[in-house]
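Enquirer: I'd like to ask some things about the structure below.
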Amino acid sequence: MTDTPHTSGSGPIGGPEGTRAGFVAIIGAPNAGKSTLVNRLVGQKVSIVTKKVQTTRFPVRGVAMAGEAQIVLVDTPGVFTPRRRLDRAMVRSAWAGAEGAEVIVHLVDAEAEMAVAEKTATSAQKRCVQDAETIVEGLKASGRKAILALNKIDMVKRDKLLAIAEAQFATSVYDQVFMVSGQNGSGVEDLRKRLAELMPEGPWLYPADQTADIPSRLLAAEITREKIYLRVHEELPYAAAVETTDFKEQKNGIRIEQTIYVEREGQRAIVLGENGQTLKWIGSKSREELAEILGQPVHLFLHVKVIENWQEQRAFYRDTGLDFDV
Ligand SMILES: Nc1nc2c(ncn2[C@@H]2O[C@H](COP(=O)(O)OP(=O)(O)OP(=O)(O)O)[C@@H](O)[C@H]2O)c(=O)[nH]1
Ligand SMILES: [Mg+2]
């Protein structure tokens, strides 16, 4: 099971007559809500979500079904101006995800767009809008049309939304607009229907009951990383990485061993917490969720290691499919 994709079953690939299948890349600025939307379309958590920017570090494939159509959603890292090696690798992989897809959905944070238009934007919102503009430039250069999906409409009034949609549409890189909230689901079914229509005819690419294409040990590492962000996000912005070092199915459940890498001794102390309380919390939250996702009891063992420059080490890129040499 170690290297097989996470799957809840093993139905046949191919499906009934008249099937369609293809790839849809979801691109957007950091924090636009890409992972939330992908999880919503799939109907299950396949990609981790946090309040921080740059949560998703490598493309995660989620499989959504719509009647006879199978929509393979590629959740990509947010596109922004890269500085560090990990940033460059993330941005490159986001565009690579878009290149290989039949359809590109550009997810735009409508709340941030509105705030900028009304001059009430935070610096994060301003950055988000700039990053969306960078993506528009990238789309122009590629010559491909995308679907514009305005997200977080639960936070924006209708008349404001129409003005934002119009301004975005004027860039001429879109051929359609959808207004959605990945969080409460509004508009998502319309988008799903349209994506299904756009899928080319052909056999399904995954068994109908498979929801994600991510090796179980990588998914397990991501779930633990999400809990670290949840608990210590102020103190440890991007300094942590998680590696699953052992993943074994046993008679009484799955035994998972993971190492949390941080960059400094002080960060190790933060992850451990007083008397190891923080690490204990992270471990128990992660174990609970993993048991639910994997459908079996999970025995999780966490270790914390300091490696000053883990972002500069090739091994961290290998498992995720990110390109080290960019
Ligand atoms: N109000 C509102 N918040 C949302 C919506 N969709 C996502 N969010 C919130 O936005 C934040 C970022 O969501 P993510 O799904 O992690 O965003 P992302 O685009 O995958 O971010 P990166 O992986 O960092 O690029 C989280 O706090 C979400 O709960 C939405 O439709 N409405
Ligand atoms: Mg994400």
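Chain labels A, B, ... are given in the sequence in which chains occur in the structure tokens; within each chain residues are numbered consecutively from 1, and ligands are likewise numbered from 1 in the order shown.
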Enumerate, in order of chain and increasing residue number, the residues of chain A with an atom no farther than 8 Å from ligand 2, each with its shortest atom pair and distance in Å to one decimal, counting only C-alpha atoms and all ligand atoms, as CSV.
Expert:
residue,atom,partner,partner_atom_place_in_ligand_line,distance
A:Pro30,CA,ligand 2,1 (Mg),7.2
A:Asn31,CA,ligand 2,1 (Mg),6.8
A:Gly33,CA,ligand 2,1 (Mg),6.7
A:Lys34,CA,ligand 2,1 (Mg),5.4
A:Ser35,CA,ligand 2,1 (Mg),4.2
A:Thr36,CA,ligand 2,1 (Mg),7.3
A:Ser47,CA,ligand 2,1 (Mg),6.8
A:Ile48,CA,ligand 2,1 (Mg),6.5
A:Val49,CA,ligand 2,1 (Mg),5.9
A:Thr50,CA,ligand 2,1 (Mg),7.9
A:Gln54,CA,ligand 2,1 (Mg),6.9
A:Thr55,CA,ligand 2,1 (Mg),5.2
A:Thr56,CA,ligand 2,1 (Mg),4.0
A:Arg57,CA,ligand 2,1 (Mg),7.6
A:Asp75,CA,ligand 2,1 (Mg),6.8
A:Thr76,CA,ligand 2,1 (Mg),6.8
A:Pro77,CA,ligand 2,1 (Mg),5.9
A:Gly78,CA,ligand 2,1 (Mg),6.8
Enquirer: Could you give me, as a ChimeraX atom specification, the residues within 12 Å of region 273-277 of chain A, counting only C-alpha atoms and dropping anything in the same chain fewer than 2 positions from it?
Expert: /A:228,231-232,235,266-271,279-284,302-304
Enquirer: List every residue of region 56-158 of chain A that DSSP, applied to the backbone of this structure, assigns to helix (DSSP H, G or I), and report them as a JSON list (two decimals) with C-alpha atoms, in the first residue's frame.
Expert:
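The result, written out as states-v3.json:
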[["chain", "number", "residue", "atom", "x", "y", "z"],
["A", 85, "ARG", "CA", 13.83, 27.73, -4.24],
["A", 86, "LEU", "CA", 10.64, 26.15, -2.90],
["A", 87, "ASP", "CA", 8.66, 29.15, -4.22],
["A", 88, "ARG", "CA", 10.15, 28.81, -7.68],
["A", 89, "ALA", "CA", 9.42, 25.09, -7.77],
["A", 90, "MET", "CA", 5.83, 25.69, -6.63],
["A", 91, "VAL", "CA", 5.10, 28.35, -9.23],
["A", 92, "ARG", "CA", 6.66, 26.30, -11.99],
["A", 93, "SER", "CA", 4.57, 23.27, -11.03],
["A", 94, "ALA", "CA", 1.37, 25.33, -11.00],
["A", 95, "TRP", "CA", 1.91, 26.36, -14.63],
["A", 96, "ALA", "CA", 2.95, 22.84, -15.59],
["A", 97, "GLY", "CA", -0.35, 21.61, -14.13],
["A", 98, "ALA", "CA", -2.22, 24.07, -16.32],
["A", 99, "GLU", "CA", -0.34, 23.08, -19.46],
["A", 110, "ALA", "CA", -13.68, 38.32, -5.20],
["A", 111, "GLU", "CA", -13.45, 39.60, -1.65],
["A", 112, "ALA", "CA", -9.88, 40.79, -2.27],
["A", 113, "GLU", "CA", -10.87, 42.33, -5.62],
["A", 114, "MET", "CA", -13.68, 44.25, -3.95],
["A", 115, "ALA", "CA", -11.44, 45.47, -1.13],
["A", 116, "VAL", "CA", -8.88, 46.78, -3.62],
["A", 117, "ALA", "CA", -11.58, 48.50, -5.68],
["A", 123, "SER", "CA", -1.58, 44.21, 2.15],
["A", 124, "ALA", "CA", -2.36, 40.50, 1.73],
["A", 125, "GLN", "CA", -5.42, 41.35, -0.37],
["A", 126, "LYS", "CA", -3.39, 43.76, -2.50],
["A", 127, "ARG", "CA", -0.83, 41.03, -3.11],
["A", 128, "CYS", "CA", -3.61, 38.61, -3.99],
["A", 129, "VAL", "CA", -4.96, 40.97, -6.66],
["A", 130, "GLN", "CA", -1.47, 41.55, -8.07],
["A", 131, "ASP", "CA", -0.90, 37.80, -8.23],
["A", 132, "ALA", "CA", -4.20, 37.42, -10.12],
["A", 133, "GLU", "CA", -2.91, 39.99, -12.62],
["A", 134, "THR", "CA", 0.31, 38.00, -13.02],
["A", 135, "ILE", "CA", -1.80, 34.98, -13.88],
["A", 136, "VAL", "CA", -3.76, 36.97, -16.47],
["A", 137, "GLU", "CA", -0.44, 37.92, -18.07],
["A", 138, "GLY", "CA", 0.61, 34.26, -18.03],
["A", 139, "LEU", "CA", -2.65, 33.24, -19.68],
["A", 140, "LYS", "CA", -2.23, 35.93, -22.32],
["A", 141, "ALA", "CA", 1.29, 34.67, -23.07],
["A", 142, "SER", "CA", 0.05, 31.09, -23.33],
["A", 153, "ILE", "CA", -18.97, 35.35, -3.18],
["A", 154, "ASP", "CA", -20.44, 34.75, 0.26],
["A", 155, "MET", "CA", -18.42, 37.83, 1.28],
["A", 158, "ARG", "CA", -24.22, 41.01, -5.92]]
Enquirer: Which of these, A:Asp325, A:Gln311, A:Glu234, A:Ala21, has the shortest distance to Arg84 (chain A) once you count only C-alpha atoms?
Expert: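 Residue with the minimum atom-to-atom distance to Arg84 (chain A): A:Gln311.
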Enquirer: Which residue gives the smallest distance to Thr19 (chain A) among A:Glu166, A:Asp175, A:Glu197, A:Asp213, with only C-alpha atoms counted?
Expert: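 Checking each candidate against Thr19 (chain A), we get A:Glu197 as the closest.
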Enquirer: For a test of reading the model, state the distance in Å between CA of Leu148 (chain A) and CA of Val63 (chain A), rounded to one decimal.
Expert: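 A separation of 20.5 Å between them.
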Enquirer: Pick the closest to Val105 (chain A) from A:Gln258, A:Gln176, A:Asn39, A:Thr171: which is it, counting only C-alpha atoms?
Expert: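 That would be A:Gln176, the residue with the smallest distance to Val105 (chain A).
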Enquirer: Excluding Phe23 (chain A) and its own-chain neighbours fewer than 5 positions away, which residues fall within 10 Å of it when counting only C-alpha atoms? Please give them as a list in words.
Expert: Arg61, Gly62, Val63, Gln70, Ile71, Val72, Leu73, Val74, Gly97, Ala98, Gly100, Ala101, Glu102, Val103, Ile104, Leu195, Leu198, Met199, Pro200 and Leu205 of chain A
Enquirer: If you run DSSP on this backbone, which residues of region 35-64 of chain A come out as strand (DSSP E or B), and could you give them as a VMD selection string?
Expert: chain A and resid 60 to 64
Enquirer: For CA of Leu300 (chain A) and CA of Glu288 (chain A), quote the distance in Å rounded to one decimal.
Expert: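 These two atoms are separated by 9.7 Å.
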Enquirer: Can you pull out the residues contacting Tyr261 (chain A)? Cut-off 9 Å, using only C-alpha atoms, and skip same-chain residues under 4 positions away; I want them as a list in words.
Expert: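 That gives Ala239, Ala240, Ala241, Val242, Glu243, Arg268, His303, Val304, Lys305, Val306, Ile307, Glu308 and Trp310 of chain A.
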Enquirer: What is the CA of Asn184 (chain A)-CA of Ala221 (chain A) distance in Å, reported with one decimal?
Expert: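 The value is 26.9 Å.
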Enquirer: Find the residue from A:Phe301, A:Tyr229, A:Phe316, A:Phe169 that sits nearest to ligand 1; use only C-alpha atoms and all ligand atoms when measuring.
Expert: A:Tyr229
Enquirer: Give me, as a VMD selection string, all polymer residues having an atom no more than 12 Å from Lys285 (chain A), counting only C-alpha atoms and skipping those fewer than 6 positions away in the same chain.
Expert: chain A and resid 220 223 to 228 230 to 231 278 to 279 291 to 292 298 300
Enquirer: Would you mind exporting the chosen residues as a PDB file, in the first residue's frame, restricted to N, CA and C atoms?
Expert:
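Written file, again.pdb:
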ATOM      1  N   ALA A 220      -0.769  11.445   4.145  1.00  0.00           N
ATOM      2  CA  ALA A 220      -0.614  11.392   5.604  1.00  0.00           C
ATOM      3  C   ALA A 220       0.287  12.532   6.077  1.00  0.00           C
ATOM      4  N   ILE A 223      -1.683  15.864   5.928  1.00  0.00           N
ATOM      5  CA  ILE A 223      -2.664  16.025   7.015  1.00  0.00           C
ATOM      6  C   ILE A 223      -1.954  16.488   8.289  1.00  0.00           C
ATOM      7  N   THR A 224      -0.796  15.919   8.568  1.00  0.00           N
ATOM      8  CA  THR A 224      -0.044  16.347   9.753  1.00  0.00           C
ATOM      9  C   THR A 224       0.445  17.786   9.581  1.00  0.00           C
ATOM     10  N   ARG A 225       0.882  18.142   8.369  1.00  0.00           N
ATOM     11  CA  ARG A 225       1.341  19.519   8.133  1.00  0.00           C
ATOM     12  C   ARG A 225       0.208  20.521   8.370  1.00  0.00           C
ATOM     13  N   GLU A 226      -1.009  20.130   7.960  1.00  0.00           N
ATOM     14  CA  GLU A 226      -2.161  21.010   8.185  1.00  0.00           C
ATOM     15  C   GLU A 226      -2.370  21.249   9.681  1.00  0.00           C
ATOM     16  N   LYS A 227      -2.234  20.198  10.480  1.00  0.00           N
ATOM     17  CA  LYS A 227      -2.434  20.353  11.931  1.00  0.00           C
ATOM     18  C   LYS A 227      -1.359  21.247  12.544  1.00  0.00           C
ATOM     19  N   ILE A 228      -0.121  21.152  12.007  1.00  0.00           N
ATOM     20  CA  ILE A 228       0.954  22.025  12.500  1.00  0.00           C
ATOM     21  C   ILE A 228       0.579  23.482  12.212  1.00  0.00           C
ATOM     22  N   LEU A 230      -2.367  24.706  11.784  1.00  0.00           N
ATOM     23  CA  LEU A 230      -3.520  25.080  12.595  1.00  0.00           C
ATOM     24  C   LEU A 230      -3.088  25.514  13.984  1.00  0.00           C
ATOM     25  N   ARG A 231      -2.128  24.788  14.538  1.00  0.00           N
ATOM     26  CA  ARG A 231      -1.769  25.000  15.931  1.00  0.00           C
ATOM     27  C   ARG A 231      -0.702  26.075  16.124  1.00  0.00           C
ATOM     28  N   THR A 278       2.052  20.349  22.680  1.00  0.00           N
ATOM     29  CA  THR A 278       1.675  20.779  21.332  1.00  0.00           C
ATOM     30  C   THR A 278       1.810  19.630  20.347  1.00  0.00           C
ATOM     31  N   LEU A 279       2.919  18.930  20.433  1.00  0.00           N
ATOM     32  CA  LEU A 279       3.133  17.800  19.536  1.00  0.00           C
ATOM     33  C   LEU A 279       2.056  16.730  19.761  1.00  0.00           C
ATOM     34  N   ALA A 291      -7.366   8.261  10.398  1.00  0.00           N
ATOM     35  CA  ALA A 291      -8.154   7.042  10.618  1.00  0.00           C
ATOM     36  C   ALA A 291      -9.456   7.130   9.829  1.00  0.00           C
ATOM     37  N   GLU A 292     -10.025   8.342   9.809  1.00  0.00           N
ATOM     38  CA  GLU A 292     -11.282   8.533   9.085  1.00  0.00           C
ATOM     39  C   GLU A 292     -11.056   8.386   7.573  1.00  0.00           C
ATOM     40  N   VAL A 298      -5.354   4.094  13.148  1.00  0.00           N
ATOM     41  CA  VAL A 298      -4.011   4.547  12.773  1.00  0.00           C
ATOM     42  C   VAL A 298      -3.168   4.717  14.036  1.00  0.00           C
ATOM     43  N   LEU A 300       0.060   6.548  15.078  1.00  0.00           N
ATOM     44  CA  LEU A 300       0.924   7.583  14.500  1.00  0.00           C
ATOM     45  C   LEU A 300       2.058   7.942  15.454  1.00  0.00           C
TER      46      LEU A 300
END
